[in-house]
Every structure is written in C-alpha cells, then in structure tokens.
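Listing of structure.cif; format and content: mmCIF, N, CA and C atoms and all ligand atoms.
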```
data_final
loop_
_atom_site.label_atom_id
_atom_site.label_comp_id
_atom_site.auth_asym_id
_atom_site.auth_seq_id
_atom_site.Cartn_x
_atom_site.Cartn_y
_atom_site.Cartn_z
N MET A 254 -120.95 15.64 -21.25
CA MET A 254 -120.52 16.39 -20.06
C MET A 254 -121.13 15.78 -18.80
N ALA A 255 -120.32 15.68 -17.74
CA ALA A 255 -120.83 15.08 -16.50
C ALA A 255 -121.89 15.98 -15.88
N SER A 256 -122.92 15.35 -15.30
CA SER A 256 -123.95 16.11 -14.58
C SER A 256 -123.32 16.69 -13.30
N ASN A 257 -123.95 17.73 -12.75
CA ASN A 257 -123.36 18.34 -11.55
C ASN A 257 -124.09 17.95 -10.27
N ARG A 258 -124.90 16.88 -10.33
CA ARG A 258 -125.58 16.46 -9.10
C ARG A 258 -125.34 14.97 -8.81
N THR A 259 -125.30 14.65 -7.52
CA THR A 259 -125.25 13.25 -7.12
C THR A 259 -126.22 13.05 -5.95
N PHE A 260 -126.40 11.80 -5.57
CA PHE A 260 -127.34 11.48 -4.49
C PHE A 260 -126.60 10.73 -3.40
N THR A 261 -126.93 11.03 -2.14
CA THR A 261 -126.30 10.34 -1.02
C THR A 261 -127.33 9.93 0.02
N MET A 262 -126.99 8.92 0.79
CA MET A 262 -127.72 8.61 2.04
C MET A 262 -126.69 8.50 3.15
N ILE A 263 -127.01 9.05 4.30
CA ILE A 263 -126.28 8.73 5.52
C ILE A 263 -127.00 7.53 6.11
N LYS A 264 -126.30 6.41 6.19
CA LYS A 264 -126.93 5.12 6.48
C LYS A 264 -127.22 4.96 7.98
N PRO A 265 -128.03 3.94 8.35
CA PRO A 265 -128.46 3.81 9.75
C PRO A 265 -127.33 3.75 10.78
N ASP A 266 -126.17 3.16 10.43
CA ASP A 266 -125.08 3.09 11.42
C ASP A 266 -124.56 4.48 11.76
N ALA A 267 -124.37 5.32 10.74
CA ALA A 267 -123.82 6.66 10.96
C ALA A 267 -124.86 7.58 11.60
N PHE A 268 -126.12 7.46 11.15
CA PHE A 268 -127.19 8.26 11.77
C PHE A 268 -127.31 7.89 13.24
N GLY A 269 -127.34 6.58 13.53
CA GLY A 269 -127.52 6.10 14.91
C GLY A 269 -126.37 6.48 15.82
N ALA A 270 -125.17 6.60 15.25
CA ALA A 270 -124.00 6.95 16.06
C ALA A 270 -123.89 8.46 16.26
N GLY A 271 -124.82 9.21 15.68
CA GLY A 271 -124.78 10.67 15.84
C GLY A 271 -123.72 11.33 14.97
N ASN A 272 -123.40 10.70 13.85
CA ASN A 272 -122.36 11.26 12.98
C ASN A 272 -122.90 12.03 11.78
N SER A 273 -124.21 12.22 11.71
CA SER A 273 -124.78 12.89 10.53
C SER A 273 -124.23 14.30 10.37
N GLY A 274 -124.17 15.05 11.45
CA GLY A 274 -123.69 16.44 11.37
C GLY A 274 -122.25 16.51 10.91
N ALA A 275 -121.40 15.64 11.46
CA ALA A 275 -119.98 15.65 11.08
C ALA A 275 -119.82 15.28 9.61
N ILE A 276 -120.63 14.33 9.14
CA ILE A 276 -120.54 13.90 7.74
C ILE A 276 -121.03 15.02 6.81
N LEU A 277 -122.14 15.66 7.17
CA LEU A 277 -122.65 16.76 6.34
C LEU A 277 -121.63 17.91 6.30
N LYS A 278 -120.95 18.14 7.41
CA LYS A 278 -119.92 19.19 7.46
C LYS A 278 -118.78 18.86 6.48
N MET A 279 -118.34 17.59 6.48
CA MET A 279 -117.28 17.19 5.54
C MET A 279 -117.74 17.38 4.09
N ILE A 280 -119.01 17.04 3.85
CA ILE A 280 -119.56 17.16 2.49
C ILE A 280 -119.54 18.62 2.04
N GLU A 281 -119.99 19.52 2.92
CA GLU A 281 -120.01 20.95 2.55
C GLU A 281 -118.59 21.49 2.42
N GLU A 282 -117.71 21.08 3.31
CA GLU A 282 -116.32 21.57 3.25
C GLU A 282 -115.61 21.08 1.99
N ALA A 283 -116.09 19.98 1.42
CA ALA A 283 -115.50 19.47 0.17
C ALA A 283 -116.08 20.19 -1.05
N GLY A 284 -116.98 21.13 -0.81
CA GLY A 284 -117.48 21.95 -1.92
C GLY A 284 -118.83 21.56 -2.49
N PHE A 285 -119.50 20.61 -1.84
CA PHE A 285 -120.83 20.21 -2.30
C PHE A 285 -121.90 21.10 -1.66
N LYS A 286 -122.90 21.48 -2.47
CA LYS A 286 -124.06 22.21 -1.94
C LYS A 286 -125.19 21.21 -1.75
N ILE A 287 -125.87 21.31 -0.61
CA ILE A 287 -127.01 20.43 -0.34
C ILE A 287 -128.24 21.06 -0.98
N VAL A 288 -128.77 20.42 -2.04
CA VAL A 288 -129.90 21.02 -2.77
C VAL A 288 -131.22 20.30 -2.50
N ALA A 289 -131.18 19.24 -1.70
CA ALA A 289 -132.38 18.57 -1.19
C ALA A 289 -131.93 17.74 0.00
N ILE A 290 -132.77 17.65 1.05
CA ILE A 290 -132.37 16.83 2.20
C ILE A 290 -133.60 16.45 3.02
N LYS A 291 -133.59 15.23 3.54
CA LYS A 291 -134.64 14.81 4.48
C LYS A 291 -134.13 13.67 5.34
N ALA A 292 -134.67 13.60 6.57
CA ALA A 292 -134.49 12.42 7.41
C ALA A 292 -135.72 11.54 7.21
N THR A 293 -135.50 10.24 7.09
CA THR A 293 -136.61 9.33 6.84
C THR A 293 -136.20 7.92 7.26
N GLN A 294 -137.07 6.96 7.09
CA GLN A 294 -136.70 5.56 7.34
C GLN A 294 -137.33 4.68 6.27
N LEU A 295 -136.54 3.81 5.67
CA LEU A 295 -137.02 2.90 4.65
C LEU A 295 -137.70 1.69 5.28
N THR A 296 -138.69 1.13 4.61
CA THR A 296 -139.12 -0.23 4.93
C THR A 296 -138.18 -1.18 4.19
N ALA A 297 -138.18 -2.46 4.59
CA ALA A 297 -137.33 -3.43 3.88
C ALA A 297 -137.74 -3.50 2.41
N GLU A 298 -139.04 -3.36 2.15
CA GLU A 298 -139.54 -3.42 0.77
C GLU A 298 -139.00 -2.25 -0.06
N LEU A 299 -139.03 -1.05 0.53
CA LEU A 299 -138.50 0.11 -0.20
C LEU A 299 -136.99 0.02 -0.39
N ALA A 300 -136.29 -0.49 0.63
CA ALA A 300 -134.84 -0.69 0.49
C ALA A 300 -134.58 -1.67 -0.65
N GLY A 301 -135.43 -2.70 -0.75
CA GLY A 301 -135.31 -3.69 -1.83
C GLY A 301 -135.47 -3.04 -3.19
N LYS A 302 -136.38 -2.08 -3.29
CA LYS A 302 -136.57 -1.38 -4.57
C LYS A 302 -135.34 -0.52 -4.87
N PHE A 303 -134.86 0.18 -3.86
CA PHE A 303 -133.71 1.07 -4.08
C PHE A 303 -132.50 0.27 -4.56
N TYR A 304 -132.29 -0.92 -3.95
CA TYR A 304 -131.10 -1.72 -4.26
C TYR A 304 -131.42 -2.88 -5.21
N ALA A 305 -132.49 -2.75 -6.01
CA ALA A 305 -132.93 -3.85 -6.89
C ALA A 305 -131.80 -4.36 -7.78
N VAL A 306 -130.88 -3.48 -8.15
CA VAL A 306 -129.76 -3.88 -9.02
C VAL A 306 -128.90 -4.97 -8.36
N HIS A 307 -128.96 -5.06 -7.01
CA HIS A 307 -128.15 -6.05 -6.27
C HIS A 307 -128.95 -7.31 -5.91
N LYS A 308 -130.13 -7.48 -6.50
CA LYS A 308 -131.04 -8.57 -6.12
C LYS A 308 -130.38 -9.95 -6.11
N GLU A 309 -129.48 -10.17 -7.05
CA GLU A 309 -128.85 -11.49 -7.15
C GLU A 309 -127.63 -11.65 -6.26
N ARG A 310 -127.22 -10.59 -5.60
CA ARG A 310 -126.00 -10.67 -4.78
C ARG A 310 -126.32 -11.35 -3.45
N PRO A 311 -125.35 -12.10 -2.88
CA PRO A 311 -125.62 -12.86 -1.65
C PRO A 311 -125.97 -11.97 -0.45
N PHE A 312 -125.54 -10.70 -0.48
CA PHE A 312 -125.78 -9.84 0.68
C PHE A 312 -127.08 -9.04 0.56
N TYR A 313 -127.88 -9.29 -0.49
CA TYR A 313 -129.05 -8.45 -0.76
C TYR A 313 -130.05 -8.39 0.40
N ASN A 314 -130.45 -9.55 0.91
CA ASN A 314 -131.46 -9.55 2.00
C ASN A 314 -130.94 -8.86 3.25
N ASP A 315 -129.70 -9.17 3.60
CA ASP A 315 -129.09 -8.51 4.77
C ASP A 315 -129.04 -7.00 4.56
N LEU A 316 -128.69 -6.59 3.35
CA LEU A 316 -128.58 -5.16 3.05
C LEU A 316 -129.95 -4.47 3.21
N CYS A 317 -131.00 -5.11 2.71
CA CYS A 317 -132.35 -4.53 2.82
C CYS A 317 -132.77 -4.43 4.28
N ASN A 318 -132.47 -5.46 5.07
CA ASN A 318 -132.80 -5.42 6.50
C ASN A 318 -132.01 -4.33 7.21
N TYR A 319 -130.72 -4.27 6.90
CA TYR A 319 -129.87 -3.26 7.52
C TYR A 319 -130.33 -1.85 7.16
N MET A 320 -130.60 -1.61 5.88
CA MET A 320 -130.95 -0.25 5.45
C MET A 320 -132.31 0.21 5.97
N SER A 321 -133.14 -0.74 6.43
CA SER A 321 -134.43 -0.37 7.00
C SER A 321 -134.40 -0.46 8.53
N SER A 322 -133.22 -0.67 9.12
CA SER A 322 -133.12 -0.91 10.57
C SER A 322 -133.16 0.37 11.40
N GLY A 323 -133.10 1.51 10.77
CA GLY A 323 -133.13 2.77 11.52
C GLY A 323 -133.21 3.94 10.57
N PRO A 324 -133.30 5.15 11.13
CA PRO A 324 -133.41 6.34 10.28
C PRO A 324 -132.18 6.55 9.40
N ILE A 325 -132.42 7.24 8.32
CA ILE A 325 -131.34 7.66 7.41
C ILE A 325 -131.55 9.13 7.05
N ILE A 326 -130.54 9.73 6.45
CA ILE A 326 -130.70 11.03 5.81
C ILE A 326 -130.45 10.83 4.32
N ALA A 327 -131.38 11.33 3.50
CA ALA A 327 -131.22 11.29 2.04
C ALA A 327 -130.96 12.71 1.57
N ALA A 328 -130.08 12.89 0.60
CA ALA A 328 -129.78 14.24 0.12
C ALA A 328 -129.31 14.22 -1.33
N ILE A 329 -129.60 15.30 -2.03
CA ILE A 329 -129.04 15.54 -3.36
C ILE A 329 -127.98 16.62 -3.20
N LEU A 330 -126.82 16.39 -3.83
CA LEU A 330 -125.66 17.27 -3.67
C LEU A 330 -125.24 17.82 -5.02
N GLU A 331 -124.78 19.06 -5.02
CA GLU A 331 -124.39 19.72 -6.27
C GLU A 331 -122.94 20.19 -6.22
N LYS A 332 -122.23 19.90 -7.28
CA LYS A 332 -120.83 20.32 -7.44
C LYS A 332 -120.41 19.94 -8.85
N ASP A 333 -119.46 20.63 -9.43
CA ASP A 333 -118.92 20.16 -10.71
C ASP A 333 -118.39 18.74 -10.54
N ASN A 334 -118.64 17.88 -11.51
CA ASN A 334 -118.12 16.51 -11.48
C ASN A 334 -118.57 15.76 -10.21
N ALA A 335 -119.86 15.98 -9.84
CA ALA A 335 -120.36 15.56 -8.53
C ALA A 335 -120.21 14.05 -8.26
N VAL A 336 -120.60 13.21 -9.22
CA VAL A 336 -120.60 11.76 -8.96
C VAL A 336 -119.19 11.26 -8.64
N GLU A 337 -118.25 11.61 -9.50
CA GLU A 337 -116.87 11.12 -9.33
C GLU A 337 -116.23 11.72 -8.07
N ASP A 338 -116.40 13.02 -7.88
CA ASP A 338 -115.77 13.66 -6.72
C ASP A 338 -116.36 13.13 -5.41
N PHE A 339 -117.67 12.84 -5.41
CA PHE A 339 -118.27 12.34 -4.17
C PHE A 339 -117.81 10.91 -3.87
N ARG A 340 -117.65 10.09 -4.91
CA ARG A 340 -117.13 8.73 -4.70
C ARG A 340 -115.72 8.79 -4.10
N LYS A 341 -114.94 9.77 -4.53
CA LYS A 341 -113.60 9.94 -3.94
C LYS A 341 -113.70 10.34 -2.48
N LEU A 342 -114.64 11.24 -2.17
CA LEU A 342 -114.79 11.72 -0.79
C LEU A 342 -115.25 10.60 0.14
N ILE A 343 -116.08 9.67 -0.35
CA ILE A 343 -116.58 8.62 0.57
C ILE A 343 -115.60 7.46 0.68
N GLY A 344 -114.83 7.16 -0.34
CA GLY A 344 -113.86 6.06 -0.26
C GLY A 344 -114.45 4.72 -0.65
N ALA A 345 -113.63 3.68 -0.58
CA ALA A 345 -114.00 2.34 -1.04
C ALA A 345 -115.15 1.76 -0.22
N THR A 346 -115.91 0.84 -0.85
CA THR A 346 -117.07 0.20 -0.20
C THR A 346 -116.68 -0.40 1.14
N ASN A 347 -115.57 -1.13 1.16
CA ASN A 347 -115.08 -1.74 2.40
C ASN A 347 -114.18 -0.74 3.12
N PRO A 348 -114.56 -0.32 4.33
CA PRO A 348 -113.75 0.71 5.01
C PRO A 348 -112.30 0.27 5.22
N ALA A 349 -112.06 -1.05 5.25
CA ALA A 349 -110.69 -1.53 5.40
C ALA A 349 -109.83 -1.12 4.20
N ASP A 350 -110.49 -0.92 3.06
CA ASP A 350 -109.76 -0.53 1.83
C ASP A 350 -109.85 0.96 1.55
N ALA A 351 -110.61 1.70 2.35
CA ALA A 351 -110.86 3.12 2.06
C ALA A 351 -109.64 3.96 2.40
N ALA A 352 -109.39 4.97 1.57
CA ALA A 352 -108.23 5.85 1.77
C ALA A 352 -108.39 6.67 3.05
N GLU A 353 -107.26 7.02 3.64
CA GLU A 353 -107.25 7.89 4.83
C GLU A 353 -108.00 9.19 4.53
N GLY A 354 -108.78 9.64 5.51
CA GLY A 354 -109.45 10.93 5.36
C GLY A 354 -110.79 10.85 4.66
N THR A 355 -111.14 9.66 4.11
CA THR A 355 -112.45 9.53 3.46
C THR A 355 -113.53 9.30 4.52
N ILE A 356 -114.77 9.57 4.12
CA ILE A 356 -115.88 9.45 5.08
C ILE A 356 -116.00 8.01 5.59
N ARG A 357 -115.88 7.06 4.68
CA ARG A 357 -116.00 5.66 5.13
C ARG A 357 -114.84 5.25 6.03
N LYS A 358 -113.63 5.73 5.74
CA LYS A 358 -112.50 5.41 6.61
C LYS A 358 -112.75 5.95 8.02
N LEU A 359 -113.33 7.14 8.08
CA LEU A 359 -113.52 7.79 9.38
C LEU A 359 -114.72 7.25 10.14
N PHE A 360 -115.81 6.88 9.41
CA PHE A 360 -117.07 6.62 10.12
C PHE A 360 -117.67 5.23 9.90
N ALA A 361 -117.24 4.48 8.88
CA ALA A 361 -117.91 3.20 8.59
C ALA A 361 -117.54 2.15 9.63
N LYS A 362 -118.50 1.23 9.88
CA LYS A 362 -118.26 0.16 10.85
C LYS A 362 -117.86 -1.15 10.16
N SER A 363 -118.36 -1.37 8.93
CA SER A 363 -118.10 -2.63 8.23
C SER A 363 -118.39 -2.44 6.75
N ILE A 364 -118.16 -3.48 5.95
CA ILE A 364 -118.44 -3.38 4.50
C ILE A 364 -119.94 -3.15 4.26
N GLU A 365 -120.79 -3.64 5.16
CA GLU A 365 -122.24 -3.41 5.01
C GLU A 365 -122.62 -2.06 5.64
N ALA A 366 -122.28 -1.90 6.92
CA ALA A 366 -122.63 -0.67 7.64
C ALA A 366 -121.54 0.37 7.37
N ASN A 367 -121.55 0.87 6.10
CA ASN A 367 -120.42 1.69 5.67
C ASN A 367 -120.75 3.18 5.57
N ALA A 368 -121.61 3.62 6.46
CA ALA A 368 -121.83 5.06 6.76
C ALA A 368 -122.57 5.87 5.72
N VAL A 369 -122.19 5.72 4.44
CA VAL A 369 -122.81 6.56 3.41
C VAL A 369 -122.98 5.82 2.09
N HIS A 370 -123.95 6.29 1.34
CA HIS A 370 -124.14 5.86 -0.05
C HIS A 370 -123.71 7.00 -0.96
N GLY A 371 -123.19 6.67 -2.12
CA GLY A 371 -122.94 7.67 -3.16
C GLY A 371 -123.25 7.06 -4.51
N SER A 372 -124.02 7.75 -5.33
CA SER A 372 -124.39 7.21 -6.66
C SER A 372 -123.14 6.89 -7.46
N ASP A 373 -123.24 5.85 -8.32
CA ASP A 373 -122.07 5.44 -9.09
C ASP A 373 -122.09 5.92 -10.54
N SER A 374 -123.15 6.65 -10.94
CA SER A 374 -123.20 7.19 -12.30
C SER A 374 -124.19 8.35 -12.31
N ASP A 375 -124.08 9.20 -13.34
CA ASP A 375 -125.03 10.31 -13.48
C ASP A 375 -126.45 9.78 -13.62
N GLU A 376 -126.60 8.70 -14.37
CA GLU A 376 -127.93 8.13 -14.59
C GLU A 376 -128.53 7.65 -13.27
N ASN A 377 -127.74 6.94 -12.47
CA ASN A 377 -128.25 6.46 -11.19
C ASN A 377 -128.49 7.60 -10.20
N ALA A 378 -127.68 8.65 -10.27
CA ALA A 378 -127.90 9.81 -9.40
C ALA A 378 -129.28 10.40 -9.65
N GLU A 379 -129.66 10.48 -10.90
CA GLU A 379 -130.97 11.02 -11.28
C GLU A 379 -132.09 10.09 -10.77
N ILE A 380 -131.93 8.79 -11.01
CA ILE A 380 -132.95 7.82 -10.59
C ILE A 380 -133.08 7.83 -9.07
N GLU A 381 -131.96 7.82 -8.37
CA GLU A 381 -131.98 7.73 -6.90
C GLU A 381 -132.52 9.01 -6.27
N GLY A 382 -132.16 10.16 -6.83
CA GLY A 382 -132.72 11.43 -6.31
C GLY A 382 -134.22 11.45 -6.49
N ASN A 383 -134.70 10.97 -7.65
CA ASN A 383 -136.14 10.95 -7.92
C ASN A 383 -136.88 9.94 -7.05
N PHE A 384 -136.16 8.93 -6.55
CA PHE A 384 -136.76 7.93 -5.66
C PHE A 384 -137.22 8.61 -4.36
N TYR A 385 -136.49 9.61 -3.91
CA TYR A 385 -136.77 10.25 -2.61
C TYR A 385 -137.43 11.61 -2.70
N PHE A 386 -137.17 12.36 -3.78
CA PHE A 386 -137.56 13.77 -3.78
C PHE A 386 -138.40 14.13 -5.00
N SER A 387 -139.49 14.88 -4.74
CA SER A 387 -140.27 15.45 -5.84
C SER A 387 -139.58 16.73 -6.32
N GLN A 388 -140.08 17.31 -7.38
CA GLN A 388 -139.53 18.57 -7.90
C GLN A 388 -139.64 19.69 -6.88
N PHE A 389 -140.68 19.61 -6.02
CA PHE A 389 -140.92 20.68 -5.05
C PHE A 389 -140.06 20.56 -3.81
N GLU A 390 -139.33 19.45 -3.70
CA GLU A 390 -138.51 19.22 -2.50
C GLU A 390 -137.03 19.43 -2.77
N ARG A 391 -136.72 20.12 -3.85
CA ARG A 391 -135.31 20.33 -4.19
C ARG A 391 -135.13 21.72 -4.78
N VAL A 392 -133.91 22.21 -4.68
CA VAL A 392 -133.55 23.47 -5.32
C VAL A 392 -133.56 23.25 -6.82
N LEU A 393 -134.17 24.18 -7.55
CA LEU A 393 -134.23 24.02 -9.03
C LEU A 393 -132.85 24.20 -9.66
P1 LIG A 401 -121.04 1.08 -3.12
O1 LIG A 401 -122.08 1.50 -2.08
O2 LIG A 401 -119.63 1.42 -2.66
O3 LIG A 401 -121.36 1.59 -4.49
P2 LIG A 401 -122.04 -1.54 -3.94
O4 LIG A 401 -121.20 -2.65 -4.47
O5 LIG A 401 -122.94 -0.80 -4.90
O6 LIG A 401 -121.06 -0.51 -3.19
O7 LIG A 401 -122.92 -2.15 -2.76
C1 LIG A 401 -124.01 -1.46 -2.22
C2 LIG A 401 -123.98 -1.60 -0.71
O8 LIG A 401 -124.14 -2.98 -0.37
C3 LIG A 401 -122.66 -1.22 -0.06
O9 LIG A 401 -122.51 0.17 0.15
C4 LIG A 401 -122.72 -1.98 1.25
O10 LIG A 401 -123.59 -1.34 2.20
C5 LIG A 401 -123.38 -3.28 0.79
N1 LIG A 401 -122.37 -4.31 0.42
C6 LIG A 401 -121.56 -4.33 -0.67
N2 LIG A 401 -120.77 -5.42 -0.69
C7 LIG A 401 -121.10 -6.12 0.43
C8 LIG A 401 -120.62 -7.36 0.97
O11 LIG A 401 -119.74 -8.04 0.41
N3 LIG A 401 -121.20 -7.77 2.15
C9 LIG A 401 -122.19 -7.05 2.78
N4 LIG A 401 -122.65 -5.89 2.30
C10 LIG A 401 -122.12 -5.42 1.13
#
```

The structure given in the file should be rewritten as structure tokens.
Amino acid sequence: MASNRTFTMIKPDAFGAGNSGAILKMIEEAGFKIVAIKATQLTAELAGKFYAVHKERPFYNDLCNYMSSGPIIAAILEKDNAVEDFRKLIGATNPADAAEGTIRKLFAKSIEANAVHGSDSDENAEIEGNFYFSQFERVL
C-alpha cells in the first residue's frame, strides 16, 4: 500500500520571487495537509548530501550551488497516494514540458530553477523528510 506522506521543498527561485504562499495555497487546495514545515537555507555541502543520488550527473555541482543560493521552505505533506498525486501537481522537471496548471508550469523559471521538489518514491519521501525534520517537528 502506498504511504500517505511525501516531502517537498519550495526552491530558492520560488521563495525569492515571493511565490511561497501561492504555492502552499495550491498544495492545500489540492487536498494535501501540511504536517511539518520550516523555512531554512542549505549549505552547498548539505545540498550535496540531499542530492547525493545525482552525484554523477553533469548538473550536480550547479544544482548544489543553486539549491544553497537562497532560502527554501521544506515541508512534509499528507494525502492518500501522496507521492504520485504530488508529482502530478508539480508537473515535469522541465517547465517547458510541464502540463498546464501544474506548479512548475506556473512558477518555474528553468529546468534547474524549477520552483519545487517532490519525492519520487515512498522510500525517498521518508528519507528526505527525516533529513529535515525530527519526530518533534512533525504531526504524528
Ligand atoms: P525531479 O526534481 O523532477 O525529480 P530529477 O531528475 O530528480 O528531477 O532532478 C533533480 C533536480 O535537478 C531537478 O528538480 C532540477 O532542479 C535539477 N535538474 C534536473 N535535470 C537537470 C538538467 O538537465 N539541468 C539542470 N538541472 C537539472
């Protein structure tokens, strides 16, 4: 059975453009409950740990620099079928390919500065949520 939680970040481009509130509103209107949330900023080293799975990809260093270039919002979201439904809500990695009405279509600037992160599996949602939040910083 699919887990009912996923993990998201509002990335530096969207935070910096003042779109965090509009994005969180879309998330809640799509039926997700925010069960943990914080504003924070990654160092390049921490971004490197978060995205370690992409270490061999050509965009890895740029991605780590970009993700540490400004504040972000990290959050854990709850809904039935959370991982899959949230990936649908955010749209394709490249905003040029993202469906109309998706968060990335509306707010992303480029394939790198693409407004939001969404976990790609239940296992990664758990790992990524634990990267940012202790048990005391989330709804049980
Ligand atoms: P996803 O975030 O849609 O799951 P991934 O392939 O896991 O996409 O890539 C992680 C992040 O790395 C993307 O959200 C984006 O910020 C960045 N990224 C992915 N592909 C590229 C690329 O070709 N050039 C630059 N940045 C990229």

Enclosing box along x, y and z for every listed atom of ligand LIG 401 (chain A), padded 3 Å each side, centre and size in Å, one decimal, as lines of an AutoDock Vina configuration file:
```
center_x = -121.9
center_y = -3.2
center_z = -1.1
size_x = 10.5
size_y = 15.6
size_z = 13.7
```

| field | Residue with smallest distance to A:Leu295 - pool A:Ser321, A:Asn314, A:Ser273, A:Gln388, counting only N, CA and C atoms | value | A:Ser321

| field | Within 6.5 Å of ligand LIG 401 (chain A) (all atoms listed in the file), residues as JSON, numbers by chain | value | {"A": [312, 316, 344, 345, 346, 347, 364, 365, 366, 367, 369, 370, 371, 372, 373]}

| message | Give me, as number ranges by chain, all polymer residues having an atom no more than 8 Å from stretch 279-281 of chain A, counting all atoms listed in the file and skipping those fewer than 5 positions away in the same chain. | response | A: 273-274, 286-287, 342, 356

| task | Give the answer as one residue: which of A:Ile276, A:Ala270, A:Ile290, A:Met262 has the shortest atom-to-atom distance to A:Thr355, using only C-alpha atoms? | result |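 Using only C-alpha atoms, A:Thr355 sits closest to A:Ile276.
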